[in-house]
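Data block below; observations after.
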Amino acid sequence: MTTNPFTPNFGQIPRVLAGRDLLLVEMDGAFDNAPGDPNLTSILVGARGTGKTALMTQLASNAQAKGWIAVNVPCVSGMLEEIAQGTARKAAHVLAPTEDSHVTGLSIGQIVSVEWERDAHSQPTWYSRMTAMLDQLSAQGTGLLITVDEVRPSLEEMIQLASYYQLFVREEQKVALLMAGLPGEVSSLLNSESVSFLRRASQHHIGKLSDEDIGLALQETAQSAGKRFDGESLNAAVNASEGFPFMMQLVGFRAWQAAAGSKHIEREHVQQGIQRAALDMKTRVLDATLNELSPGDFGFLRAMLPDAGESLTSEIASRMKQSESYASQYRKRLIERGVIESARRGSVRFALPLLKDYLPEYLDIA
């Protein structure tokens, strides 16, 4: 039985990473041009389900193929020490090099160890330990890429990392920082005076994919494992995906399951897949998103429900029985959380697949 080629897991690199070619090329150039390339300090900004984590994983893999050390951490307490120990593990062969050695490529799964000799009376600080390792890496022509997923400006260690990283850049170390986060969290981070230099970081907004890119990714992924969508079924899968990479993977995964034993993924398989993918989307993305919202947020979203497509902010305010300035506060909050998006001046629409249909069920309203 052929393994299902679709990967609806957060952060897993898909077989076909569609629609991100320009960013991949830019980042490859940055790894070649270091130090000094502005893309070496980058932030991936996007809603849940847009593929930020998978893209960041791919970029880390590309960096390692070019001889960089890549250390990937979540934005949680203890992340600074994880970065230090992760660098020491992955760079052990570089930190104690043989004469005339030079790194040309690394594999992702390397697990090795290195021990630090410490004076009994003076423990080195995180900054001094990292500087010592970066100096040795630079001497071997090797850079360090640090990736941080789901940035949280409320975490003090995130602010500390950004501040120390600025010093590494000033010292012309061969180092890169790649972060990913929701629009609101990134906005809060950039508004922090403690790390104001991050406002000059390259921001890459990871949004929806075109129908053409979605269709290409679905078909090429299926063909890589010996199946094929027919024309009608492919169109149905593209429409159900609504431009979201995660939804595309869900639909593809479930349609593939439904087509077990067949060489073709037909319309009936896709319809079954869409139904199961919708349940997955609700429990894995929509619930997590809606659980974070306030009563005011829900008041704004409920006021959008009567509209077939776009909603005028003025009409939303009227339905909420509030002023436009009051409604605009929640408009801004919901856009930053990736729940809605600006359609044109003065109007918004739901940004997440299935959200409008699911919202009455979530709120238990008729």
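Starting from 1 in every chain, residues are counted up; chains themselves are A, B, ... following the order of the structure tokens, and ligands are numbered from 1 as listed.
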
With a distance cut-off of 12 Å and only C-alpha atoms, select the neighbouring residues of Tyr358 (chain A), excluding the residue or stretch itself and same-chain residues fewer than 5 positions from it, and output the selection as a ChimeraX atom specification.
/A:278-279,281-283,285-287,290,301-302,305,350,352-353,363-366

Please identify all polymer residues within 9 Å of region 239-251 of chain A, counting only C-alpha atoms, omitting same-chain residues fewer than 6 positions from it, and present them as a PDB file with N, CA, C and O atoms, in the first residue's frame.
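Resulting contents of around-v1.pdb:
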ATOM      1  N   PHE A   6       0.390  13.262   1.469  1.00  0.00           N
ATOM      2  CA  PHE A   6      -0.006  14.550   2.036  1.00  0.00           C
ATOM      3  C   PHE A   6       0.331  14.596   3.517  1.00  0.00           C
ATOM      4  O   PHE A   6       0.272  13.572   4.210  1.00  0.00           O
ATOM      5  N   THR A   7       0.695  15.762   4.003  1.00  0.00           N
ATOM      6  CA  THR A   7       1.251  15.887   5.356  1.00  0.00           C
ATOM      7  C   THR A   7       0.548  16.993   6.148  1.00  0.00           C
ATOM      8  O   THR A   7       1.115  18.077   6.351  1.00  0.00           O
ATOM      9  N   PRO A   8      -0.666  16.739   6.644  1.00  0.00           N
ATOM     10  CA  PRO A   8      -1.366  17.767   7.419  1.00  0.00           C
ATOM     11  C   PRO A   8      -0.905  17.821   8.875  1.00  0.00           C
ATOM     12  O   PRO A   8      -1.698  17.702   9.813  1.00  0.00           O
ATOM     13  N   ASN A   9       0.400  17.967   9.056  1.00  0.00           N
ATOM     14  CA  ASN A   9       0.990  18.109  10.381  1.00  0.00           C
ATOM     15  C   ASN A   9       1.685  19.454  10.447  1.00  0.00           C
ATOM     16  O   ASN A   9       2.390  19.841   9.517  1.00  0.00           O
ATOM     17  N   PHE A  10       1.511  20.176  11.547  1.00  0.00           N
ATOM     18  CA  PHE A  10       2.110  21.494  11.674  1.00  0.00           C
ATOM     19  C   PHE A  10       3.627  21.396  11.646  1.00  0.00           C
ATOM     20  O   PHE A  10       4.229  20.649  12.415  1.00  0.00           O
ATOM     21  N   PRO A  14       6.089  19.787   3.348  1.00  0.00           N
ATOM     22  CA  PRO A  14       5.318  19.029   2.359  1.00  0.00           C
ATOM     23  C   PRO A  14       6.190  18.597   1.193  1.00  0.00           C
ATOM     24  O   PRO A  14       7.263  19.165   0.948  1.00  0.00           O
ATOM     25  N   LEU A  17       6.249  22.306  -1.928  1.00  0.00           N
ATOM     26  CA  LEU A  17       6.085  23.562  -1.208  1.00  0.00           C
ATOM     27  C   LEU A  17       5.751  24.635  -2.232  1.00  0.00           C
ATOM     28  O   LEU A  17       6.637  25.288  -2.796  1.00  0.00           O
ATOM     29  N   ALA A  18       4.480  24.809  -2.478  1.00  0.00           N
ATOM     30  CA  ALA A  18       4.035  25.658  -3.584  1.00  0.00           C
ATOM     31  C   ALA A  18       3.947  27.124  -3.191  1.00  0.00           C
ATOM     32  O   ALA A  18       3.683  27.467  -2.037  1.00  0.00           O
ATOM     33  N   ARG A  48      -2.718  31.257  11.368  1.00  0.00           N
ATOM     34  CA  ARG A  48      -2.581  29.819  11.513  1.00  0.00           C
ATOM     35  C   ARG A  48      -2.989  29.137  10.206  1.00  0.00           C
ATOM     36  O   ARG A  48      -3.956  29.533   9.566  1.00  0.00           O
ATOM     37  N   GLY A  49      -2.250  28.115   9.838  1.00  0.00           N
ATOM     38  CA  GLY A  49      -2.616  27.342   8.660  1.00  0.00           C
ATOM     39  C   GLY A  49      -2.029  27.840   7.363  1.00  0.00           C
ATOM     40  O   GLY A  49      -2.272  27.252   6.308  1.00  0.00           O
ATOM     41  N   THR A  50      -1.235  28.926   7.402  1.00  0.00           N
ATOM     42  CA  THR A  50      -0.668  29.454   6.163  1.00  0.00           C
ATOM     43  C   THR A  50       0.685  28.835   5.831  1.00  0.00           C
ATOM     44  O   THR A  50       1.265  29.158   4.794  1.00  0.00           O
ATOM     45  N   GLY A  51       1.206  27.979   6.712  1.00  0.00           N
ATOM     46  CA  GLY A  51       2.431  27.256   6.395  1.00  0.00           C
ATOM     47  C   GLY A  51       3.714  27.910   6.862  1.00  0.00           C
ATOM     48  O   GLY A  51       4.790  27.608   6.342  1.00  0.00           O
ATOM     49  N   GLY A 207       0.716  34.559   3.208  1.00  0.00           N
ATOM     50  CA  GLY A 207      -0.738  34.551   3.089  1.00  0.00           C
ATOM     51  C   GLY A 207      -1.249  33.378   2.277  1.00  0.00           C
ATOM     52  O   GLY A 207      -0.607  32.336   2.169  1.00  0.00           O
ATOM     53  N   LYS A 208      -2.406  33.570   1.716  1.00  0.00           N
ATOM     54  CA  LYS A 208      -3.040  32.521   0.922  1.00  0.00           C
ATOM     55  C   LYS A 208      -2.267  32.291  -0.376  1.00  0.00           C
ATOM     56  O   LYS A 208      -1.588  33.178  -0.886  1.00  0.00           O
ATOM     57  N   LEU A 209      -2.417  31.082  -0.906  1.00  0.00           N
ATOM     58  CA  LEU A 209      -1.841  30.744  -2.201  1.00  0.00           C
ATOM     59  C   LEU A 209      -2.890  30.928  -3.289  1.00  0.00           C
ATOM     60  O   LEU A 209      -4.100  30.864  -3.028  1.00  0.00           O
ATOM     61  N   SER A 210      -2.445  31.118  -4.499  1.00  0.00           N
ATOM     62  CA  SER A 210      -3.367  31.219  -5.620  1.00  0.00           C
ATOM     63  C   SER A 210      -3.978  29.847  -5.920  1.00  0.00           C
ATOM     64  O   SER A 210      -3.415  28.805  -5.546  1.00  0.00           O
ATOM     65  N   ASP A 211      -5.122  29.839  -6.585  1.00  0.00           N
ATOM     66  CA  ASP A 211      -5.747  28.568  -6.976  1.00  0.00           C
ATOM     67  C   ASP A 211      -4.801  27.760  -7.859  1.00  0.00           C
ATOM     68  O   ASP A 211      -4.762  26.525  -7.764  1.00  0.00           O
ATOM     69  N   ASP A 213      -1.484  27.696  -7.736  1.00  0.00           N
ATOM     70  CA  ASP A 213      -0.468  27.068  -6.895  1.00  0.00           C
ATOM     71  C   ASP A 213      -1.050  25.910  -6.086  1.00  0.00           C
ATOM     72  O   ASP A 213      -0.397  24.882  -5.910  1.00  0.00           O
ATOM     73  N   ILE A 214      -2.271  26.087  -5.593  1.00  0.00           N
ATOM     74  CA  ILE A 214      -2.923  25.015  -4.830  1.00  0.00           C
ATOM     75  C   ILE A 214      -3.132  23.798  -5.718  1.00  0.00           C
ATOM     76  O   ILE A 214      -2.834  22.652  -5.341  1.00  0.00           O
ATOM     77  N   ALA A 217       0.175  22.029  -6.446  1.00  0.00           N
ATOM     78  CA  ALA A 217       0.677  21.284  -5.290  1.00  0.00           C
ATOM     79  C   ALA A 217      -0.124  20.004  -5.057  1.00  0.00           C
ATOM     80  O   ALA A 217       0.451  18.952  -4.760  1.00  0.00           O
ATOM     81  N   LEU A 218      -1.437  20.076  -5.183  1.00  0.00           N
ATOM     82  CA  LEU A 218      -2.275  18.885  -5.006  1.00  0.00           C
ATOM     83  C   LEU A 218      -1.928  17.818  -6.033  1.00  0.00           C
ATOM     84  O   LEU A 218      -1.717  16.646  -5.687  1.00  0.00           O
ATOM     85  N   VAL A 270     -13.012  13.169  -3.305  1.00  0.00           N
ATOM     86  CA  VAL A 270     -12.751  14.519  -2.819  1.00  0.00           C
ATOM     87  C   VAL A 270     -13.882  14.997  -1.922  1.00  0.00           C
ATOM     88  O   VAL A 270     -13.652  15.627  -0.881  1.00  0.00           O
ATOM     89  N   GLY A 273     -13.426  13.488   1.287  1.00  0.00           N
ATOM     90  CA  GLY A 273     -12.265  14.113   1.902  1.00  0.00           C
ATOM     91  C   GLY A 273     -12.572  15.486   2.461  1.00  0.00           C
ATOM     92  O   GLY A 273     -12.104  15.847   3.556  1.00  0.00           O
ATOM     93  N   ILE A 274     -13.368  16.259   1.739  1.00  0.00           N
ATOM     94  CA  ILE A 274     -13.712  17.604   2.187  1.00  0.00           C
ATOM     95  C   ILE A 274     -14.496  17.554   3.503  1.00  0.00           C
ATOM     96  O   ILE A 274     -14.254  18.348   4.418  1.00  0.00           O
ATOM     97  N   GLN A 275     -15.412  16.604   3.609  1.00  0.00           N
ATOM     98  CA  GLN A 275     -16.215  16.487   4.832  1.00  0.00           C
ATOM     99  C   GLN A 275     -15.339  16.176   6.040  1.00  0.00           C
ATOM    100  O   GLN A 275     -15.488  16.780   7.117  1.00  0.00           O
ATOM    101  N   ARG A 276     -14.414  15.255   5.876  1.00  0.00           N
ATOM    102  CA  ARG A 276     -13.535  14.891   6.993  1.00  0.00           C
ATOM    103  C   ARG A 276     -12.513  15.995   7.268  1.00  0.00           C
ATOM    104  O   ARG A 276     -12.156  16.250   8.418  1.00  0.00           O
ATOM    105  N   ALA A 277     -12.048  16.640   6.207  1.00  0.00           N
ATOM    106  CA  ALA A 277     -11.091  17.738   6.380  1.00  0.00           C
ATOM    107  C   ALA A 277     -11.729  18.904   7.134  1.00  0.00           C
ATOM    108  O   ALA A 277     -11.062  19.589   7.916  1.00  0.00           O
ATOM    109  N   ALA A 278     -13.024  19.134   6.896  1.00  0.00           N
ATOM    110  CA  ALA A 278     -13.730  20.214   7.592  1.00  0.00           C
ATOM    111  C   ALA A 278     -13.741  19.973   9.097  1.00  0.00           C
ATOM    112  O   ALA A 278     -13.537  20.908   9.891  1.00  0.00           O
ATOM    113  N   ASP A 280     -11.519  18.223  10.742  1.00  0.00           N
ATOM    114  CA  ASP A 280     -10.134  18.439  11.182  1.00  0.00           C
ATOM    115  C   ASP A 280      -9.840  19.931  11.341  1.00  0.00           C
ATOM    116  O   ASP A 280      -9.201  20.344  12.310  1.00  0.00           O
ATOM    117  N   MET A 281     -10.279  20.717  10.378  1.00  0.00           N
ATOM    118  CA  MET A 281     -10.018  22.154  10.400  1.00  0.00           C
ATOM    119  C   MET A 281     -10.667  22.806  11.622  1.00  0.00           C
ATOM    120  O   MET A 281     -10.064  23.671  12.274  1.00  0.00           O
ATOM    121  N   LEU A 352     -10.260  32.894   7.484  1.00  0.00           N
ATOM    122  CA  LEU A 352      -9.989  31.472   7.659  1.00  0.00           C
ATOM    123  C   LEU A 352     -11.040  30.612   6.977  1.00  0.00           C
ATOM    124  O   LEU A 352     -12.244  30.902   7.066  1.00  0.00           O
ATOM    125  N   PRO A 353     -10.647  29.547   6.309  1.00  0.00           N
ATOM    126  CA  PRO A 353     -11.608  28.649   5.663  1.00  0.00           C
ATOM    127  C   PRO A 353     -12.617  28.109   6.669  1.00  0.00           C
ATOM    128  O   PRO A 353     -12.255  27.763   7.804  1.00  0.00           O
TER     129      PRO A 353
END

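Among A:Pro295, A:Phe31, A:Ala60, A:Pro38, the residue with the shortest atom-to-atom distance to Arg200 (chain A), counting only C-alpha atoms, is A:Pro38.
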
Show me, as a tab-separated table, the residues of region 167-220 of chain A having an atom within 10 Å of region 67-81 of chain A, each with the closest atom pair and its distance in Å, using only C-alpha atoms.
residue	atom	partner	partner_atom	distance
A:Lys174	CA	A:Trp68	CA	9.3
A:Val175	CA	A:Trp68	CA	9.1
A:Ala176	CA	A:Ala70	CA	9.3
A:Leu177	CA	A:Ala70	CA	9.9
A:Leu178	CA	A:Asn72	CA	9.4
A:Met179	CA	A:Cys75	CA	9.5
A:Ala180	CA	A:Cys75	CA	9.8
A:Gly181	CA	A:Cys75	CA	9.9

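For the pair CA of Asp32 (chain A) and CA of Ala63 (chain A), the separation is 9.1 Å.
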